[in-house]
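Source file: final02.txt. Holds: compact mmCIF, C-alpha atoms.
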```txt
# COMPACT_ATOMS: atom_id res chain seq x y z
CA MET A 1 107.28 101.39 126.49
CA ILE A 2 103.69 102.43 125.74
CA LYS A 3 104.04 101.31 122.10
CA LEU A 4 105.24 97.88 123.21
CA VAL A 5 102.26 97.43 125.54
CA LEU A 6 99.88 98.46 122.76
CA VAL A 7 101.40 95.98 120.28
CA VAL A 8 101.33 93.15 122.80
CA GLY A 9 97.73 93.99 123.67
CA VAL A 10 96.66 93.99 120.01
CA LEU A 11 98.41 90.68 119.36
CA GLY A 12 96.80 89.17 122.43
CA LEU A 13 93.34 90.29 121.32
CA SER A 14 93.78 89.08 117.75
CA ALA A 15 94.65 85.57 118.97
CA CYS A 16 91.69 85.23 121.34
CA GLY A 17 89.37 83.58 118.82
CA THR A 18 91.75 80.76 117.87
CA SER A 19 93.25 77.98 119.92
CA VAL A 20 97.04 78.22 119.74
CA ASN A 21 98.04 76.11 122.71
CA GLY A 22 96.91 72.63 121.80
CA GLY A 23 93.13 73.05 122.01
CA ALA A 24 90.60 71.48 119.69
CA PRO A 25 91.17 71.93 115.96
CA THR A 26 89.57 74.97 114.44
CA THR A 27 87.57 75.11 111.22
CA GLY A 28 88.31 78.72 110.31
CA GLY A 29 91.73 77.96 108.87
CA PRO A 30 95.12 79.00 110.13
CA SER A 31 95.83 82.69 110.28
CA SER A 32 98.81 84.85 111.06
CA ALA A 33 97.34 85.47 114.51
CA ALA A 34 96.90 81.73 115.05
CA ALA A 35 100.43 81.12 113.90
CA SER A 36 102.00 83.86 115.98
CA SER A 37 101.87 82.63 119.53
CA GLY A 38 104.98 83.88 121.31
CA GLY A 39 104.88 81.01 123.81
CA ALA A 40 105.19 77.26 123.56
CA VAL A 41 103.73 75.89 120.34
CA LYS A 42 102.63 72.25 120.44
CA ILE A 43 103.60 70.26 117.36
CA SER A 44 102.38 66.72 116.76
CA ILE A 45 102.67 63.87 114.25
CA VAL A 46 99.42 62.75 112.64
CA PRO A 47 99.31 59.62 110.45
CA THR A 48 97.50 60.53 107.20
CA GLU A 49 97.03 58.98 103.77
CA LYS A 50 100.03 61.12 102.75
CA GLY A 51 102.29 59.80 105.50
CA LYS A 52 103.20 60.99 108.99
CA VAL A 53 102.54 64.73 108.80
CA LEU A 54 103.45 67.45 111.30
CA PHE A 55 100.47 69.41 112.61
CA GLY A 56 100.50 72.68 114.53
CA PRO A 57 98.47 73.65 117.59
CA THR A 58 95.51 74.82 115.48
CA GLY A 59 95.09 71.23 114.26
CA HIS A 60 96.21 72.13 110.73
CA ALA A 61 98.99 70.56 108.64
CA LEU A 62 102.40 72.20 108.45
CA TYR A 63 104.41 72.80 105.29
CA THR A 64 107.94 73.58 104.14
CA TYR A 65 108.99 75.92 101.33
CA GLN A 66 111.81 74.66 99.11
CA PRO A 67 113.52 78.06 98.50
CA ASP A 68 114.04 78.59 102.26
CA THR A 69 117.36 77.88 103.93
CA ALA A 70 118.12 76.62 107.41
CA ARG A 71 118.87 80.24 108.42
CA SER A 72 116.18 82.25 106.66
CA SER A 73 112.65 82.32 105.33
CA THR A 74 112.12 83.70 101.84
CA CYS A 75 108.31 83.71 102.26
CA ILE A 76 107.49 87.30 103.28
CA GLY A 77 104.79 89.87 102.49
CA LYS A 78 101.91 88.42 100.43
CA CYS A 79 103.53 84.98 100.56
CA ALA A 80 103.42 85.02 104.38
CA ARG A 81 99.78 86.13 104.32
CA ASN A 82 98.92 83.07 102.20
CA TRP A 83 101.34 80.80 104.06
CA PRO A 84 101.39 81.98 107.70
CA PRO A 85 104.66 81.03 109.39
CA LEU A 86 104.57 78.97 112.56
CA VAL A 87 106.21 81.19 115.17
CA GLY A 88 106.97 80.83 118.85
CA THR A 89 108.90 78.25 120.83
CA PRO A 90 108.60 74.63 119.66
CA ASP A 91 106.99 72.13 122.03
CA PRO A 92 107.34 68.76 120.27
CA GLY A 93 104.74 66.12 121.06
CA ALA A 94 105.06 62.34 121.38
CA GLY A 95 107.39 60.73 118.87
CA LEU A 96 109.27 63.97 118.17
CA SER A 97 112.60 65.04 119.59
CA ALA A 98 113.34 68.58 120.74
CA SER A 99 116.70 68.32 118.92
CA GLU A 100 114.79 68.18 115.59
CA PHE A 101 113.34 71.65 116.16
CA GLY A 102 114.78 75.13 116.24
CA THR A 103 113.93 78.70 115.32
CA ILE A 104 115.09 81.34 112.88
CA THR A 105 114.52 85.06 113.11
CA ARG A 106 112.29 86.34 110.31
CA SER A 107 112.78 89.74 108.66
CA ASP A 108 109.90 91.07 110.81
CA GLY A 109 111.68 89.91 113.98
CA ALA A 110 109.35 86.94 114.70
CA ARG A 111 110.91 83.62 115.70
CA GLN A 112 109.79 81.02 113.14
CA ILE A 113 109.88 77.37 114.14
CA THR A 114 111.98 74.99 112.04
CA TYR A 115 111.97 71.20 111.75
CA ASN A 116 115.32 69.65 110.77
CA GLY A 117 116.37 73.02 109.36
CA HIS A 118 113.14 73.65 107.43
CA PRO A 119 111.01 76.69 108.43
CA LEU A 120 107.37 75.65 109.01
CA TYR A 121 104.17 77.24 107.64
CA TYR A 122 100.43 76.76 107.53
CA PHE A 123 98.50 77.06 104.24
CA GLY A 124 95.78 79.71 104.42
CA LYS A 125 93.38 77.72 102.22
CA ASP A 126 93.40 74.73 104.60
CA LYS A 127 90.14 75.80 106.27
CA ALA A 128 89.30 72.49 107.98
CA ALA A 129 91.85 70.67 110.08
CA VAL A 130 91.76 67.67 107.71
CA ASN A 131 92.69 69.78 104.66
CA MET A 132 96.15 69.41 103.13
CA PHE A 133 95.60 71.44 99.96
CA GLY A 134 99.05 73.06 99.90
CA ASP A 135 101.08 69.93 99.22
CA GLY A 136 102.92 70.25 95.91
CA ILE A 137 101.79 73.78 95.01
CA ALA A 138 104.15 75.25 92.40
CA GLY A 139 106.42 72.27 93.04
CA VAL A 140 107.99 74.07 96.03
CA TRP A 141 105.48 73.68 98.88
CA HIS A 142 105.50 70.33 100.67
CA LEU A 143 103.82 68.80 103.68
CA ALA A 144 106.23 68.62 106.60
CA LYS A 145 106.49 64.85 106.98
CA VAL A 146 108.44 62.49 109.20
CA ASP A 147 109.65 59.16 107.87
CA ASP A 148 110.11 56.10 110.06
CA ALA A 149 113.70 57.17 110.84
CA GLY A 150 112.47 60.59 112.05
CA ALA A 151 113.91 62.55 109.13
CA ALA A 152 112.02 65.36 107.44
CA HIS A 153 111.12 65.02 103.81
```

Kindly transcribe the structure held in the file into structure tokens.
Amino acid sequence: MIKLVLVVGVLGLSACGTSVNGGAPTTGGPSSAAASSGGAVKISIVPTEKGKVLFGPTGHALYTYQPDTARSSTCIGKCARNWPPLVGTPDPGAGLSASEFGTITRSDGARQITYNGHPLYYFGKDKAAVNMFGDGIAGVWHLAKVDDAGAAH
């Protein structure tokens, strides 16, 4: 019981400097702490020059990783430090349907949010909210986008 309280306290403190519940976009870039809110995580659609992109509560773009499956994330360890997973309970914004979102349980026990069966991530090098530097990296990282029919691509 004491260990659980200590872990929860540390996680709470590490998230204090970053808005994770729909506040103003940050400029420090997404981090694991920013991505690891255990509560409701606001997700929105933002029209960009690259299409209608999903953005997380930090104001940063969200990505999918092609090797993942609808049931598991293959981005762990160093990968997850560079590409922090979006974890918590999805809270879809205007134009999004709750039925499009779900969660998977990661190997570390965290509940990662999925969109149409695709686990969602931030890219650690997207320091400003307008950055979308991760799109196309290694041919397997893609912006989480919504087409006019609401499908992910």

Can you pull out the residues contacting Pro119 (chain A)? Cut-off 7 Å, using all atoms listed in the file, and skip same-chain residues under 5 positions away; I want them as a PDB file with C-alpha atoms, in the coordinates of the input.
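Contents of out_7.pdb, freshly written:
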```
ATOM      1  CA  THR A  64     107.940  73.580 104.140  1.00  0.00           C
ATOM      2  CA  SER A  73     112.650  82.320 105.330  1.00  0.00           C
ATOM      3  CA  GLN A 112     109.790  81.020 113.140  1.00  0.00           C
ATOM      4  CA  ILE A 113     109.880  77.370 114.140  1.00  0.00           C
ATOM      5  CA  THR A 114     111.980  74.990 112.040  1.00  0.00           C
TER       6      THR A 114
END
```

| request: Compile the contact shell of region 130-144 of chain A as an NGL selection string: residues with an atom at most 8 Å away, counting all atoms listed in the file, same-chain residues fewer than 6 positions apart removed. | output: :A and (53-54 or 60-67 or 120 or 123 or 152-153)

Filtering to C-alpha atoms, could you give me those residues as an mmCIF file, in the coordinates of the input?
```
data_model
loop_
_atom_site.group_PDB
_atom_site.id
_atom_site.type_symbol
_atom_site.label_atom_id
_atom_site.label_comp_id
_atom_site.auth_asym_id
_atom_site.auth_seq_id
_atom_site.Cartn_x
_atom_site.Cartn_y
_atom_site.Cartn_z
ATOM 1 C CA VAL A 53 102.540 64.730 108.800
ATOM 2 C CA LEU A 54 103.450 67.450 111.300
ATOM 3 C CA HIS A 60 96.210 72.130 110.730
ATOM 4 C CA ALA A 61 98.990 70.560 108.640
ATOM 5 C CA LEU A 62 102.400 72.200 108.450
ATOM 6 C CA TYR A 63 104.410 72.800 105.290
ATOM 7 C CA THR A 64 107.940 73.580 104.140
ATOM 8 C CA TYR A 65 108.990 75.920 101.330
ATOM 9 C CA GLN A 66 111.810 74.660 99.110
ATOM 10 C CA PRO A 67 113.520 78.060 98.500
ATOM 11 C CA LEU A 120 107.370 75.650 109.010
ATOM 12 C CA PHE A 123 98.500 77.060 104.240
ATOM 13 C CA ALA A 152 112.020 65.360 107.440
ATOM 14 C CA HIS A 153 111.120 65.020 103.810
#
```

Of A:Pro47, A:Gly88, A:Gly59, A:Gly39, the one sitting nearest Gly109 (chain A) when using all atoms listed in the file is A:Gly88

List the residues sitting within 12 Å of (100.3, 81.8, 107.7) in the file's frame, using only C-alpha atoms, as an MDAnalysis selection string. chainID A and resid 29:37 56 58 60:64 75:87 112 119:127 134

Atom pair CA of Ser99 (chain A) / CA of Lys42 (chain A): separation (Å):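 The value is 14.7 Å.
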
To box region 76-91 of chain A, take all atoms listed in the file, fit an axis-aligned box, add 3 Å on each side, and give centre and edge lengths in Å to one decimal, as AutoDock Vina command-line options.
```
--center_x 103.9 --center_y 81.0 --center_z 111.2 --size_x 16.0 --size_y 23.7 --size_z 27.6
```

Residue with the minimum atom-to-atom distance to Tyr115 (chain A), picked from A:Gly51, A:Val41, A:Val46, A:Thr103 with only C-alpha atoms counted, is A:Thr103

Would you mind putting N, CA and C atoms back on region 110-140 of chain A and writing the result as a short mmCIF file (atom, residue, chain, number, x, y, z; two decimals), in the coordinates of the input?
```cif
data_model
loop_
_atom_site.label_atom_id
_atom_site.label_comp_id
_atom_site.auth_asym_id
_atom_site.auth_seq_id
_atom_site.Cartn_x
_atom_site.Cartn_y
_atom_site.Cartn_z
N ALA A 110 110.02 88.10 114.09
CA ALA A 110 109.35 86.94 114.70
C ALA A 110 110.28 85.73 114.64
N ARG A 111 110.14 84.87 115.65
CA ARG A 111 110.91 83.62 115.70
C ARG A 111 110.09 82.50 115.06
N GLN A 112 110.49 82.08 113.86
CA GLN A 112 109.79 81.02 113.14
C GLN A 112 110.37 79.67 113.52
N ILE A 113 109.47 78.71 113.75
CA ILE A 113 109.88 77.37 114.14
C ILE A 113 110.36 76.60 112.91
N THR A 114 111.45 75.84 113.10
CA THR A 114 111.98 74.99 112.04
C THR A 114 111.95 73.53 112.48
N TYR A 115 111.88 72.64 111.51
CA TYR A 115 111.97 71.20 111.75
C TYR A 115 113.10 70.68 110.87
N ASN A 116 114.13 70.12 111.49
CA ASN A 116 115.32 69.65 110.77
C ASN A 116 115.81 70.69 109.76
N GLY A 117 115.85 71.94 110.19
CA GLY A 117 116.37 73.02 109.36
C GLY A 117 115.40 73.59 108.34
N HIS A 118 114.14 73.16 108.37
CA HIS A 118 113.14 73.65 107.43
C HIS A 118 112.13 74.54 108.15
N PRO A 119 112.04 75.84 107.82
CA PRO A 119 111.01 76.69 108.43
C PRO A 119 109.61 76.12 108.13
N LEU A 120 108.71 76.23 109.12
CA LEU A 120 107.37 75.65 109.01
C LEU A 120 106.31 76.72 108.79
N TYR A 121 105.27 76.34 108.01
CA TYR A 121 104.17 77.24 107.64
C TYR A 121 102.84 76.48 107.68
N TYR A 122 101.78 77.25 107.81
CA TYR A 122 100.43 76.76 107.53
C TYR A 122 100.09 77.18 106.10
N PHE A 123 99.02 76.60 105.53
CA PHE A 123 98.50 77.06 104.24
C PHE A 123 97.15 77.70 104.51
N GLY A 124 96.99 78.95 104.12
CA GLY A 124 95.78 79.71 104.42
C GLY A 124 94.50 79.12 103.86
N LYS A 125 94.58 78.30 102.81
CA LYS A 125 93.38 77.72 102.22
C LYS A 125 92.99 76.39 102.87
N ASP A 126 93.77 75.92 103.82
CA ASP A 126 93.40 74.73 104.60
C ASP A 126 92.41 75.18 105.67
N LYS A 127 91.14 75.28 105.33
CA LYS A 127 90.14 75.80 106.27
C LYS A 127 89.77 74.80 107.35
N ALA A 128 89.61 73.53 106.99
CA ALA A 128 89.30 72.49 107.98
C ALA A 128 90.60 71.80 108.37
N ALA A 129 90.64 71.30 109.57
CA ALA A 129 91.85 70.67 110.08
C ALA A 129 92.30 69.50 109.21
N VAL A 130 91.39 68.83 108.53
CA VAL A 130 91.76 67.67 107.71
C VAL A 130 92.31 68.06 106.35
N ASN A 131 92.22 69.34 105.97
CA ASN A 131 92.69 69.78 104.66
C ASN A 131 94.21 69.76 104.58
N MET A 132 94.71 69.37 103.42
CA MET A 132 96.15 69.41 103.13
C MET A 132 96.31 69.85 101.68
N PHE A 133 95.66 70.96 101.34
CA PHE A 133 95.60 71.44 99.96
C PHE A 133 96.92 72.02 99.45
N GLY A 134 97.82 72.38 100.33
CA GLY A 134 99.05 73.06 99.90
C GLY A 134 100.15 72.16 99.40
N ASP A 135 100.01 70.85 99.59
CA ASP A 135 101.08 69.93 99.22
C ASP A 135 101.31 69.94 97.71
N GLY A 136 102.53 70.28 97.31
CA GLY A 136 102.92 70.25 95.91
C GLY A 136 102.66 71.52 95.12
N ILE A 137 102.08 72.54 95.74
CA ILE A 137 101.79 73.78 95.01
C ILE A 137 103.09 74.35 94.44
N ALA A 138 103.03 74.67 93.15
CA ALA A 138 104.15 75.25 92.40
C ALA A 138 105.41 74.39 92.48
N GLY A 139 105.28 73.17 92.93
CA GLY A 139 106.42 72.27 93.04
C GLY A 139 107.39 72.62 94.15
N VAL A 140 107.05 73.62 94.98
CA VAL A 140 107.99 74.07 96.03
C VAL A 140 107.41 74.02 97.44
#
```
